[in-house]
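S.K.: Dropping in data_7.cif, with mmCIF, C-alpha atoms.
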data_start
loop_
_atom_site.label_atom_id
_atom_site.label_comp_id
_atom_site.auth_asym_id
_atom_site.auth_seq_id
_atom_site.Cartn_x
_atom_site.Cartn_y
_atom_site.Cartn_z
CA MET A 9 -2.87 24.72 -2.49
CA LYS A 10 -2.21 22.59 0.57
CA SER A 11 -0.13 19.45 0.31
CA GLY A 12 1.84 17.04 2.42
CA PHE A 13 2.93 13.49 3.17
CA ILE A 14 1.26 11.15 5.65
CA GLY A 15 2.72 7.90 6.98
CA ILE A 16 0.44 5.01 7.92
CA VAL A 17 2.10 2.78 10.51
CA GLY A 18 1.10 -0.04 12.83
CA ARG A 19 1.45 -3.71 13.62
CA PRO A 20 0.92 -6.30 10.87
CA ASN A 21 -2.69 -6.91 9.88
CA VAL A 22 -4.30 -3.90 11.59
CA GLY A 23 -5.81 -2.62 8.32
CA LYS A 24 -3.27 -0.12 6.97
CA SER A 25 -3.66 -1.16 3.33
CA THR A 26 -7.43 -1.38 3.68
CA LEU A 27 -7.44 2.20 4.96
CA LEU A 28 -5.31 3.42 2.05
CA ASN A 29 -7.67 1.80 -0.46
CA ALA A 30 -10.68 3.29 1.33
CA ILE A 31 -9.16 6.79 1.22
CA LEU A 32 -8.44 6.58 -2.50
CA GLY A 33 -11.62 4.76 -3.48
CA GLU A 34 -9.43 2.43 -5.52
CA LYS A 35 -7.38 -0.65 -4.78
CA ILE A 36 -3.65 0.05 -5.07
CA ALA A 37 -2.43 -1.95 -2.05
CA ILE A 38 -3.04 -5.67 -1.72
CA THR A 39 -4.95 -6.90 1.30
CA THR A 40 -5.26 -10.36 2.85
CA ASP A 41 -5.98 -11.78 6.28
CA LYS A 42 -2.33 -12.85 6.59
CA PRO A 43 0.12 -10.63 8.53
CA GLN A 44 3.06 -8.94 6.77
CA THR A 45 1.21 -8.80 3.45
CA THR A 46 2.72 -5.38 2.66
CA ARG A 47 6.49 -5.56 2.08
CA ASN A 48 7.26 -2.20 0.47
CA ASN A 49 6.17 1.34 1.24
CA ILE A 50 3.12 1.88 -0.98
CA ARG A 51 2.32 5.48 -1.93
CA GLY A 52 -1.25 6.54 -2.61
CA ILE A 53 -2.13 10.03 -3.81
CA TYR A 54 -5.34 11.74 -2.71
CA THR A 55 -6.12 14.96 -4.59
CA ARG A 56 -9.04 17.35 -4.30
CA VAL A 57 -8.88 20.36 -6.60
CA ASP A 58 -11.41 23.16 -6.15
CA GLU A 59 -13.12 24.43 -9.28
CA ARG A 60 -11.83 27.82 -10.42
CA ALA A 61 -14.10 30.75 -9.89
CA GLU A 62 -13.60 32.00 -13.42
CA LYS A 63 -13.76 29.70 -16.43
CA THR A 64 -11.06 29.97 -19.06
CA SER A 65 -11.69 29.89 -22.78
CA SER A 66 -10.90 26.87 -24.92
CA ASP A 67 -8.04 28.80 -26.56
CA ASP A 68 -6.53 29.49 -23.13
CA VAL A 69 -6.71 25.80 -22.27
CA ILE A 70 -5.06 24.71 -25.53
CA ASN A 71 -2.32 27.33 -25.28
CA ALA A 72 -1.61 26.38 -21.68
CA PHE A 73 -1.40 22.70 -22.64
CA PHE A 74 1.27 23.39 -25.22
CA GLY A 75 3.05 25.95 -23.05
CA LYS A 76 2.19 28.87 -25.33
CA SER A 77 0.24 31.00 -22.90
CA ASP A 78 1.72 34.38 -21.95
CA GLN A 79 -0.45 34.52 -18.84
CA PRO A 80 0.98 33.27 -15.55
CA ALA A 81 -0.54 30.05 -14.27
CA GLU A 82 -3.49 30.63 -11.98
CA PRO A 83 -2.87 29.26 -8.49
CA THR A 84 -4.59 25.94 -7.88
CA GLU A 85 -6.75 25.60 -4.77
CA GLY A 86 -7.45 22.36 -2.98
CA VAL A 87 -5.33 19.70 -1.31
CA GLN A 88 -3.02 16.85 -2.27
CA MET A 89 -2.09 14.32 0.38
CA VAL A 90 0.41 11.56 -0.35
CA PHE A 91 -0.22 8.57 1.92
CA ILE A 92 2.58 6.08 2.58
CA ASP A 93 1.31 2.64 3.55
CA THR A 94 4.18 0.94 5.39
CA PRO A 95 4.93 -2.71 6.19
CA GLY A 96 3.70 -3.90 9.56
CA ILE A 97 6.28 -3.18 12.26
CA HIS A 98 7.32 -6.44 13.92
CA LYS A 99 10.29 -8.24 15.44
CA PRO A 100 12.18 -9.37 12.32
CA HIS A 101 13.41 -12.94 11.83
CA SER A 102 15.12 -12.44 8.46
CA LYS A 103 16.82 -9.74 6.41
CA LEU A 104 13.53 -9.22 4.59
CA GLY A 105 11.79 -8.65 7.93
CA THR A 106 14.50 -6.19 8.93
CA PHE A 107 14.08 -4.31 5.65
CA MET A 108 10.30 -4.13 6.14
CA THR A 109 10.50 -2.83 9.71
CA GLU A 110 13.26 -0.32 8.91
CA SER A 111 11.25 0.94 5.91
CA ALA A 112 8.28 1.66 8.16
CA ILE A 113 10.26 3.32 10.97
CA GLY A 114 12.23 5.32 8.40
CA THR A 115 9.08 7.22 7.40
CA PHE A 116 8.65 8.77 10.87
CA ARG A 117 10.84 11.79 10.12
CA GLU A 118 9.99 12.04 6.41
CA VAL A 119 6.30 12.88 6.63
CA ASP A 120 4.15 15.76 7.84
CA VAL A 121 1.76 13.59 9.87
CA ILE A 122 1.91 10.02 11.19
CA LEU A 123 -1.23 7.86 11.42
CA PHE A 124 -0.76 5.12 14.02
CA LEU A 125 -3.33 2.35 13.48
CA VAL A 126 -4.39 0.05 16.31
CA ASP A 127 -7.28 -2.37 16.62
CA GLU A 128 -7.27 -3.20 20.33
CA LYS A 129 -6.38 -1.82 23.73
CA LEU A 130 -2.76 -0.89 24.38
CA GLY A 131 -2.43 -3.35 27.23
CA THR A 132 -3.19 -6.36 25.02
CA ALA A 133 -0.64 -5.73 22.26
CA GLY A 134 3.08 -5.63 23.04
CA GLY A 135 3.83 -4.66 19.45
CA ASP A 136 1.85 -1.45 19.86
CA ARG A 137 3.97 -0.45 22.87
CA TYR A 138 7.14 -0.98 20.83
CA ILE A 139 5.84 1.28 18.05
CA LEU A 140 4.63 3.84 20.56
CA ASP A 141 8.12 4.03 22.09
CA LYS A 142 9.56 4.69 18.62
CA LEU A 143 6.93 7.35 17.86
CA GLN A 144 7.75 9.24 21.02
CA THR A 145 11.29 9.86 19.75
CA VAL A 146 10.08 12.09 16.90
CA SER A 147 8.30 15.45 16.94
CA THR A 148 6.17 14.71 13.85
CA PRO A 149 2.45 15.30 14.61
CA LYS A 150 0.63 12.03 15.24
CA ILE A 151 -2.99 10.90 15.02
CA LEU A 152 -4.13 7.65 16.61
CA ILE A 153 -6.56 5.66 14.48
CA ILE A 154 -8.62 3.04 16.29
CA ASN A 155 -9.61 0.73 13.44
CA LYS A 156 -12.22 -2.02 13.20
CA THR A 157 -14.72 -0.13 15.34
CA ASP A 158 -17.46 -2.14 13.63
CA THR A 159 -16.29 -5.13 15.70
CA MET A 160 -16.18 -3.23 19.04
CA ASP A 161 -18.91 -2.37 21.47
CA PRO A 162 -19.05 1.24 22.75
CA GLU A 163 -17.39 0.39 26.05
CA GLU A 164 -14.41 -1.29 24.34
CA PHE A 165 -13.91 1.77 22.17
CA ARG A 166 -14.20 4.15 25.13
CA GLU A 167 -11.62 2.22 27.16
CA SER A 168 -9.17 2.15 24.27
CA TYR A 169 -9.72 5.83 23.52
CA GLU A 170 -9.13 6.93 27.12
CA GLU A 171 -6.09 4.70 27.51
CA TYR A 172 -4.33 6.34 24.56
CA GLU A 173 -5.61 9.83 25.35
CA GLU A 174 -3.94 9.72 28.77
CA LEU A 175 -0.55 9.30 27.10
CA GLY A 176 -0.69 12.84 25.70
CA VAL A 177 1.14 11.78 22.52
CA PHE A 178 -1.50 12.31 19.84
CA GLU A 179 -2.94 15.41 18.20
CA ASP A 180 -6.25 13.59 17.86
CA ILE A 181 -7.82 10.14 18.22
CA ILE A 182 -10.28 8.99 15.58
CA GLY A 183 -12.29 5.77 15.40
CA ILE A 184 -12.89 4.24 11.99
CA SER A 185 -13.84 1.08 10.16
CA ALA A 186 -11.54 1.07 7.14
CA LEU A 187 -13.29 -2.01 5.75
CA LYS A 188 -16.68 -0.29 5.74
CA GLY A 189 -15.43 3.26 5.12
CA LYS A 190 -16.85 4.54 8.40
CA GLY A 191 -15.05 7.62 9.73
CA VAL A 192 -12.73 7.92 6.72
CA GLN A 193 -14.11 11.31 5.63
CA ASP A 194 -13.72 12.68 9.17
CA LEU A 195 -10.10 11.57 9.06
CA LEU A 196 -9.54 13.28 5.70
CA ASP A 197 -11.06 16.50 6.99
CA LYS A 198 -8.76 16.45 10.01
CA LEU A 199 -5.68 15.75 7.91
CA GLU A 200 -6.50 18.51 5.44
CA SER A 201 -6.61 21.00 8.30
CA MET A 202 -3.09 19.92 9.28
CA MET A 203 -1.51 20.18 5.83
CA PRO A 204 0.87 23.09 5.12
CA GLU A 205 0.75 25.26 2.03
CA GLY A 206 2.61 23.50 -0.75
CA PRO A 207 2.76 22.48 -4.40
CA MET A 208 0.84 19.80 -6.24
CA TYR A 209 3.46 17.06 -6.44
CA PHE A 210 1.56 14.77 -8.82
CA PRO A 211 -1.00 15.21 -11.64
CA GLU A 212 -4.61 15.44 -10.50
CA GLY A 213 -5.73 12.01 -11.76
CA MET A 214 -2.73 10.07 -10.45
CA VAL A 215 -3.43 7.74 -7.50
CA THR A 216 -0.02 6.06 -7.13
CA ASP A 217 3.52 6.62 -8.37
CA HIS A 218 4.30 2.91 -8.57
CA PRO A 219 4.76 1.50 -12.10
CA GLU A 220 2.30 -0.98 -13.55
CA ARG A 221 4.85 -3.80 -13.29
CA PHE A 222 5.01 -3.35 -9.51
CA ILE A 223 1.22 -3.33 -9.11
CA VAL A 224 0.90 -6.41 -11.32
CA SER A 225 3.50 -8.32 -9.28
CA GLU A 226 1.66 -7.38 -6.08
CA ILE A 227 -1.66 -8.62 -7.48
CA ILE A 228 -0.09 -11.98 -8.31
CA ARG A 229 1.43 -12.19 -4.81
CA GLU A 230 -1.92 -11.34 -3.26
CA LYS A 231 -3.59 -14.25 -5.05
CA LEU A 232 -0.79 -16.54 -3.89
CA LEU A 233 -1.35 -15.44 -0.29
CA MET A 234 -5.04 -16.19 -0.65
CA TYR A 235 -4.50 -19.64 -2.15
CA LEU A 236 -1.57 -20.91 -0.08
CA LYS A 237 -1.22 -22.50 3.33
CA ASP A 238 0.01 -20.40 6.24
CA GLU A 239 3.61 -21.66 6.18
CA ILE A 240 4.28 -20.76 2.55
CA PRO A 241 3.39 -17.05 1.88
CA HIS A 242 6.30 -15.36 3.66
CA GLY A 243 8.75 -17.30 1.50
CA VAL A 244 7.20 -16.24 -1.82
CA ALA A 245 8.37 -13.45 -4.13
CA VAL A 246 7.13 -12.46 -7.59
CA GLU A 247 9.30 -11.03 -10.36
CA ILE A 248 7.88 -9.72 -13.66
CA GLU A 249 10.18 -10.99 -16.41
CA SER A 250 8.27 -9.65 -19.42
CA PHE A 251 5.55 -7.05 -19.93
CA LYS A 252 4.60 -6.17 -23.49
CA THR A 253 1.50 -4.62 -25.01
CA ASP A 254 0.34 -5.15 -28.59
CA LYS A 255 -2.85 -6.05 -30.47
CA ASP A 256 -4.75 -9.31 -30.71
CA LYS A 257 -6.02 -10.67 -34.03
CA ASN A 258 -9.12 -8.48 -33.74
CA GLY A 259 -7.10 -5.31 -33.20
CA ASN A 260 -7.87 -5.04 -29.49
CA ASP A 261 -5.22 -4.03 -26.95
CA LEU A 262 -3.46 -7.02 -25.38
CA ALA A 263 -0.92 -7.26 -22.56
CA ARG A 264 1.44 -10.23 -22.56
CA ILE A 265 2.90 -10.73 -19.08
CA GLY A 266 5.37 -13.34 -17.88
CA ALA A 267 6.07 -13.68 -14.15
CA VAL A 268 8.26 -15.93 -12.03
CA ILE A 269 7.14 -17.01 -8.57
CA TYR A 270 10.10 -17.73 -6.30
CA CYS A 271 9.86 -19.94 -3.22
CA GLU A 272 12.46 -21.22 -0.77
CA ARG A 273 11.95 -25.01 -0.89
CA LYS A 274 11.20 -27.70 -3.46
CA SER A 275 8.32 -28.89 -1.30
CA HIS A 276 6.85 -25.38 -1.45
CA LYS A 277 7.10 -25.40 -5.24
CA ALA A 278 4.96 -28.53 -5.38
CA ILE A 279 2.37 -26.94 -3.11
CA ILE A 280 2.22 -23.75 -5.21
CA ILE A 281 1.74 -25.74 -8.42
CA GLY A 282 -0.78 -28.09 -6.84
CA LYS A 283 -2.09 -31.43 -8.03
CA GLU A 284 -2.21 -31.46 -11.83
CA GLY A 285 -1.34 -27.76 -11.76
CA LYS A 286 -4.73 -26.77 -10.38
CA LYS A 287 -3.49 -24.34 -7.73
CA ILE A 288 -1.21 -22.33 -10.00
CA LYS A 289 -3.98 -22.22 -12.61
CA GLY A 290 -6.37 -20.82 -10.00
CA VAL A 291 -3.83 -18.19 -8.97
CA GLY A 292 -3.28 -17.24 -12.61
CA LYS A 293 -6.98 -16.97 -13.39
CA ALA A 294 -7.72 -14.79 -10.35
CA ALA A 295 -4.69 -12.57 -11.00
CA ARG A 296 -5.44 -12.23 -14.71
CA GLU A 297 -9.00 -11.06 -14.07
CA GLU A 298 -7.85 -8.31 -11.69
CA ILE A 299 -4.94 -7.25 -13.91
CA GLN A 300 -7.34 -6.92 -16.86
CA TRP A 301 -9.51 -4.59 -14.77
CA LEU A 302 -6.42 -2.60 -13.75
CA LEU A 303 -5.03 -2.22 -17.27
CA GLY A 304 -8.34 -1.98 -19.10
CA MET A 305 -7.30 -4.53 -21.70
CA LYS A 306 -7.13 -8.27 -22.33
CA VAL A 307 -4.24 -10.00 -20.55
CA MET A 308 -2.27 -13.15 -21.34
CA LEU A 309 -0.49 -14.17 -18.15
CA GLU A 310 2.14 -16.89 -17.89
CA LEU A 311 3.45 -18.01 -14.50
CA TRP A 312 6.52 -20.08 -13.66
CA VAL A 313 7.64 -21.35 -10.25
CA LYS A 314 11.32 -21.50 -9.29
CA VAL A 315 13.19 -22.35 -6.08
CA LYS A 316 15.67 -19.84 -4.63
CA GLU A 317 16.66 -21.19 -1.23
CA ASN A 318 16.76 -18.76 1.71
CA TRP A 319 16.25 -15.73 -0.52
CA ARG A 320 14.82 -13.75 2.40
CA ASP A 321 18.31 -13.67 3.95
CA SER A 322 20.18 -12.97 0.70
CA ASP A 323 21.19 -9.35 0.09
CA PHE A 324 21.52 -10.09 -3.63
CA ALA A 325 18.05 -11.64 -3.91
CA LEU A 326 16.42 -8.90 -1.83
CA SER A 327 17.99 -6.29 -4.10
CA ASN A 328 16.83 -8.10 -7.25
CA PHE A 329 13.29 -8.35 -5.93
CA GLY A 330 13.20 -4.64 -5.08
CA TYR A 331 13.24 -5.00 -1.30
CA LYS A 332 16.51 -3.12 -0.73
CA GLU A 333 19.01 -1.04 -2.65
CA SER A 334 22.05 -2.82 -4.03
CA ASN A 335 25.40 -1.86 -2.52
#
Produce structure tokens that represent the structure in this file.
M.R.:
Amino acid sequence: MKSGFIGIVGRPNVGKSTLLNAILGEKIAITTDKPQTTRNNIRGIYTRVDERAEKTSSDDVINAFFGKSDQPAEPTEGVQMVFIDTPGIHKPHSKLGTFMTESAIGTFREVDVILFLVDEKLGTAGGDRYILDKLQTVSTPKILIINKTDTMDPEEFRESYEEYEELGVFEDIIGISALKGKGVQDLLDKLESMMPEGPMYFPEGMVTDHPERFIVSEIIREKLLMYLKDEIPHGVAVEIESFKTDKDKNGNDLARIGAVIYCERKSHKAIIIGKEGKKIKGVGKAAREEIQWLLGMKVMLELWVKVKENWRDSDFALSNFGYKESN
């Protein structure tokens, strides 16, 4: 078995979360056209297990399940790669921004391979130079990913490729379109060849180690980002206050979820709610539909909006919202 950890880093809005979702074939990281959408490190688990050469009997399977087998476990062949989608690295303007950038840079020495995503030439993006300087301080193997190749002509791609190749920093340079899935399999093949021998860290069918409450809060925040004006999203946080599952009157599974949306100003609260509550209803409807697909059951979702001024610069608030550890 080969296994390892892979960090996905880059400027805000270069397609890191889109790439993670494309690798897994499932949506576990929210994506919008607004920068700094990702605030936490999101872990996605890609597993490919080879079929065993010899089939075991049903008795063997049952005994192994209950831990009653006297036979040693047969080694598993295949690969498990744990991808860490990090917040976009940027010049922070708040404690939240500092947390996000430090979370991303902190992965550099904790993974087996670093994927550095870019979507334009090095000379046009000062943020890429800043990240590149940071990457050159670690010995972790690095692959450059030139994303959004579907929007480039061949000459643009060639110039970008040669510019980065001359630096001599990267093990390989791969062009992809994360949105369209182009080049993703080539990337997986390359990464698998770089993985060391190791254990299977997570069960075969597991695609993320984040709890359902976290994913649900991220879905709600994604819908807010999609519905709100540009000046509002960075000041919004979502906290799940209640999450219970039971049965409806017909005996079907039902999830009852209550969430609080925090914003920094009273004027922002009015914008989030909208005229006659239309905006918050639209957010709730869109979020509920996706959460139902995620959980595979009917969902009753209640949303409240509260003001918590300057929470992005409050250590206490950041800790409560899961953006930093409490002291």
S.K.: Could you give me, as a PyMOL selection string, the residues that have an atom at most 7 Å away from the point (6.8, 13.0, 8.4) in the coordinates of the file, using only C-alpha atoms?
M.R.: chain A and resi 13-15+115-122+148
S.K.: Can you pull out the residues contacting Leu152 (chain A)? Cut-off 9 Å, using only C-alpha atoms, and skip same-chain residues under 5 positions away; I want them as a PyMOL selection string.
M.R.: chain A and resi 122-126+172+177-183
S.K.: Save out the residues we just selected, C-alpha atoms, as a CSV table (one decimal), in the frame of the given file.
M.R.:
chain,number,residue,atom,x,y,z
A,122,ILE,CA,1.9,10.0,11.2
A,123,LEU,CA,-1.2,7.9,11.4
A,124,PHE,CA,-0.8,5.1,14.0
A,125,LEU,CA,-3.3,2.4,13.5
A,126,VAL,CA,-4.4,0.0,16.3
A,172,TYR,CA,-4.3,6.3,24.6
A,177,VAL,CA,1.1,11.8,22.5
A,178,PHE,CA,-1.5,12.3,19.8
A,179,GLU,CA,-2.9,15.4,18.2
A,180,ASP,CA,-6.2,13.6,17.9
A,181,ILE,CA,-7.8,10.1,18.2
A,182,ILE,CA,-10.3,9.0,15.6
A,183,GLY,CA,-12.3,5.8,15.4
S.K.: What does the distance from CA of Pro20 (chain A) to CA of Leu130 (chain A) come to in Å, to one decimal?
M.R.: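 Between these atoms lies a distance of 15.0 Å.
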S.K.: Just how far from CA of Glu317 (chain A) is CA of Ala267 (chain A), in Å to one decimal?
M.R.: 18.3 Å
S.K.: List the spatial neighbours of region 203-216 of chain A as a PDB file with C-alpha atoms, in the coordinates of the input - criterion: any atom at most 7 Å away, only C-alpha atoms, same-chain residues fewer than 4 positions off excluded.
M.R.:
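File produced: around.pdb:
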ATOM      1  CA  MET A   9      -2.870  24.720  -2.490  1.00  0.00           C
ATOM      2  CA  LYS A  10      -2.210  22.590   0.570  1.00  0.00           C
ATOM      3  CA  SER A  11      -0.130  19.450   0.310  1.00  0.00           C
ATOM      4  CA  GLY A  12       1.840  17.040   2.420  1.00  0.00           C
ATOM      5  CA  ARG A  51       2.320   5.480  -1.930  1.00  0.00           C
ATOM      6  CA  GLY A  52      -1.250   6.540  -2.610  1.00  0.00           C
ATOM      7  CA  ILE A  53      -2.130  10.030  -3.810  1.00  0.00           C
ATOM      8  CA  TYR A  54      -5.340  11.740  -2.710  1.00  0.00           C
ATOM      9  CA  THR A  55      -6.120  14.960  -4.590  1.00  0.00           C
ATOM     10  CA  GLN A  88      -3.020  16.850  -2.270  1.00  0.00           C
ATOM     11  CA  LEU A 199      -5.680  15.750   7.910  1.00  0.00           C
TER      12      LEU A 199
END
